[in-house]
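Chemist: Input: one structure, supplied below.
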Number of protein chains: 2
Amino acid sequence: MKENCIVAQSGGPTVAINASLAGVIDGVKKSQSYTRVYGAIHGIQGVLNNQLLDLSLMALSQYPMVNTLELSPAMYLGSCRYKLPDFAEDAAPYQTIFRRFDEYNIAAFFYIGGNDSMDTVHKLNEYAKSIHSDVKIIGIPKTIDNDLMETDHTPGFGSAAKYVASTMLEIAHDSYIYNIPSIVIVEIMGRDAGWLTAASCLARNNYSRAPHLIYLPEVDFDETRFIEDIRAQMKKNRTVIIAVSEGIHDKDGNYISSATAASDKFGHAKLSGTGKALEYLIKANIDVKVRSIELNILQRCAAHIASRTDINESFALGQAAVKYAASGMTGIMASINRVSNDPYQWIIEPTDVAKIANKAKTIPSAWISKSKNDVTQDMEAYLRPLIIGEISLQYRDGLPLYLPVDHLI
Amino acid sequence: MKENCIVAQSGGPTVAINASLAGVIDGVKKSQSYTRVYGAIHGIQGVLNNQLLDLSLMALSQYPMVNTLELSPAMYLGSCRYKLPDFAEDAAPYQTIFRRFDEYNIAAFFYIGGNDSMDTVHKLNEYAKSIHSDVKIIGIPKTIDNDLMETDHTPGFGSAAKYVASTMLEIAHDSYIYNIPSIVIVEIMGRDAGWLTAASCLARNNYSRAPHLIYLPEVDFDETRFIEDIRAQMKKNRTVIIAVSEGIHDKDGNYISSATAASDKFGHAKLSGTGKALEYLIKANIDVKVRSIELNILQRCAAHIASRTDINESFALGQAAVKYAASGMTGIMASINRVSNDPYQWIIEPTDVAKIANKAKTIPSAWISKSKNDVTQDMEAYLRPLIIGEISLQYRDGLPLYLPVDHLI
């Protein structure tokens, strides 16, 4: 008799992926469809290698543990970057996985991840069909990049956006204090899609227009135009603050970090990120104080400033995934369907995972300004609801209290 | 009749320097010794250039404005990097300043800043004595570097330390998720003193020992030893996390960012910070995944995670400065004298500003481990109280609500 389930996490971390895990655990507790819920350590590799953590006690335990899990950054179960082969060519890992499912009486497998992870969900589901297995395979989205198809936005993105916007506002306050002209470049994650860079626009308010310029990977980057944009802004603002995606590239697809400013002018691209490359490009053209700031992984791990909306949605998606599996669905991902911006309303719906796997959603051109160096009001209206609300985090000894991850260290 | 006062801010920003400004405003309100309190825009230059903002309404206004000011990052009055000449050689700026004092009936001048600003306080006080002026000149400390003499610690440091430790913990969670060996370098501010880098030790808890290694500018950096340290840590830990000061240097005083790893091996030092230089040094010696993260100005402007202890102390120092001036003192800085670590108790005392100006306090060698790559328990005991307590920040539209700085933009 199949009565248990497994949940795992994969890909890059976000501050909301543990909220989805907490949602799965809570969903299992409430649905009463599964006796035990196991967590596979390091994604699907934990199933392959028989590294399963029994999370059932957490499901049954008092609220605080699941609540702490919900607000903890990164991935409680660890991650992997493992791509399943095509099972027509190599069925061995599939056989191991489904043997493990039998061994643990698994009725459902939940995979929390991005488009690579949805490829795993899709392949496992196709394999299950081919062997007439009735194990339900369900995807739960996550990525700070917000580039998954078929969902209005992705868990983890709202918190990263809140971090980016708040940090941009704080950088603006920091930069306005001197009475000399200066330029600040803020490099933001998202190699192929500019959603997170675009979210920096949320920092604007009735006294500060930073970022004054926004450069997205959806627009071919042009050095000459960039310098012109800055000169134009410098006529209006003493301090010019620029948000730039790590993934900007020229019309031939060469990343700016490796292809243009740095390597042309300084001979060594490897030492330089996009922000640094632009810093040197500006210094070579304009006599002004320039600073570049790379937000780096802080934008995906700063759980202390998570978006309450994001955490709530991520938790709800985990709960919904359990409901879908318990009601017999498989090969689907729990998706967010936005009903309205104002008031912000959304519902969760199942979506065919085949439509999501290995695809990426970029910013529609209608949401990029005609000047190509900013985003539109519609973009801001889309983004704003996602960063609303703060979490109530416990602190101990002056530090955020997160769920210990001894089992990963 | 002299009845008013001026307050100004100088040097690099912190998230607590506006708390001291709020403390001055509150102190003026409570002391009733001054009719008006003016804020000089851009430090002492605001006095020279007659850019004075009347803050009296803020002093009289409802609590929320001063409260919002207290929790706002950077400098509400703007900053400057202006060094007064020796008045024996050039008295002109002094004459302008004291003429301005007369013009506005100024009885006291409060300067919030670091050791450069205390040089200004000292010189103004010496000049005042030389012309028999009775304007009181008072310093209020601030710097994230914690390197001022004669005060147990500096306002702004506790909040920066809380940011560094919290971020280090979040980086650790982010880094533990993969099951492959990796090294993470976190570059922290403090060119001459390692206090803020040392504060990363506060991230350690009962499951995570990150940072596993700490490199301070108080210790001469040795590349060979560094690689040996890492190899030793890699035997015990899959993930090795390293805190490093931007100011580490070899025994001849050459900064690592410009002198060794980067320029020797890659030919271009300018593109590279300390963290990047070490990243490439490790890659050249050990076959392992390496990432470097520069906390950059975020560690001095992330007001949303300020330390309540730090904000309270900074506010109290501002209040105390007003009391000192009103009671007739001059040429002093309001300093923190720690009475005990546990329970954490402190008092505020006036200190002769001559003992502070242009001097820097580095970490005592007794607080650096014998291995030279860590700090001691005594250091941790000194640091811990400074990061305790969280602020209650208002948010609007998903972002921290800070006091507008239209007048600086």
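If you're wondering about the labels, chains in the structure tokens are A, B, ... by order shown, residues count from 1 in each chain, ligands from 1 in order shown.
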Between segment 356-397 of chain B and segment 114-135 of chain B, at 12 Å or less, what are the per-residue closest atom pairs and their distances in Å? Count only C-alpha atoms, order by chain and rising residue number, and return it as a Markdown table.
Modeler:
| residue | atom | partner | partner_atom | distance |
| --- | --- | --- | --- | --- |
| B:Ile356 | CA | B:Asn115 | CA | 6.4 |
| B:Ala357 | CA | B:Asp119 | CA | 4.5 |
| B:Asn358 | CA | B:Asn115 | CA | 5.1 |
| B:Lys359 | CA | B:Asn115 | CA | 6.5 |
| B:Ala360 | CA | B:Asn115 | CA | 7.4 |
| B:Lys361 | CA | B:Asn115 | CA | 10.2 |
Chemist: From a DSSP calculation on the backbone, collect every residue of segment 235-341 of chain A in strand (DSSP E) and output the set as a list in words.
Modeler: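 DSSP-assigned strand (DSSP E) residues in segment 235-341 of chain A: Thr239, Val240, Ile241, Ile242, Ala243, Val244, Ser245, Lys289, Val290, Arg291, Ser292, Ile293, Glu294, Ile332, Met333, Ala334, Ser335, Ile336, Asn337, Arg338, Val339 and Ser340 of chain A.
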Chemist: Set the distance at 9 Å and use only C-alpha atoms: which residues neighbour Pro385 of chain A once local chain neighbours fewer than 6 positions away are removed? I'd like the list as a list of chain:residue names.
Modeler: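 The filter keeps A:Gly158, A:Thr309, A:Asn341, A:Asp342, A:Pro343, A:Tyr344, B:Asp397, B:Gly398.
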Chemist: Return the single residue from A:Pro93, A:Pro364, A:Gly11, A:Pro73 that is closest to His173 of chain B, with distances computed using only C-alpha atoms.
Modeler: A:Pro73
Chemist: Return as a VMD selection string the full set of residues in segment 240-396 of chain B whose backbone-based DSSP assignment is helix (DSSP H, G or I).
Modeler: chain B and resid 256 to 259 261 to 266 274 to 285 298 to 301 303 to 305 308 to 326 353 to 355 365 to 367 377 to 387
Chemist: Which neighbours of segment 319-336 of chain B fall inside 6 Å, counting only C-alpha atoms, when residues of the same chain fewer than 4 positions from it are skipped, and could you give them as a ChimeraX atom specification?
Modeler: /B:23-24,27,125,136-140,151-152,347-353
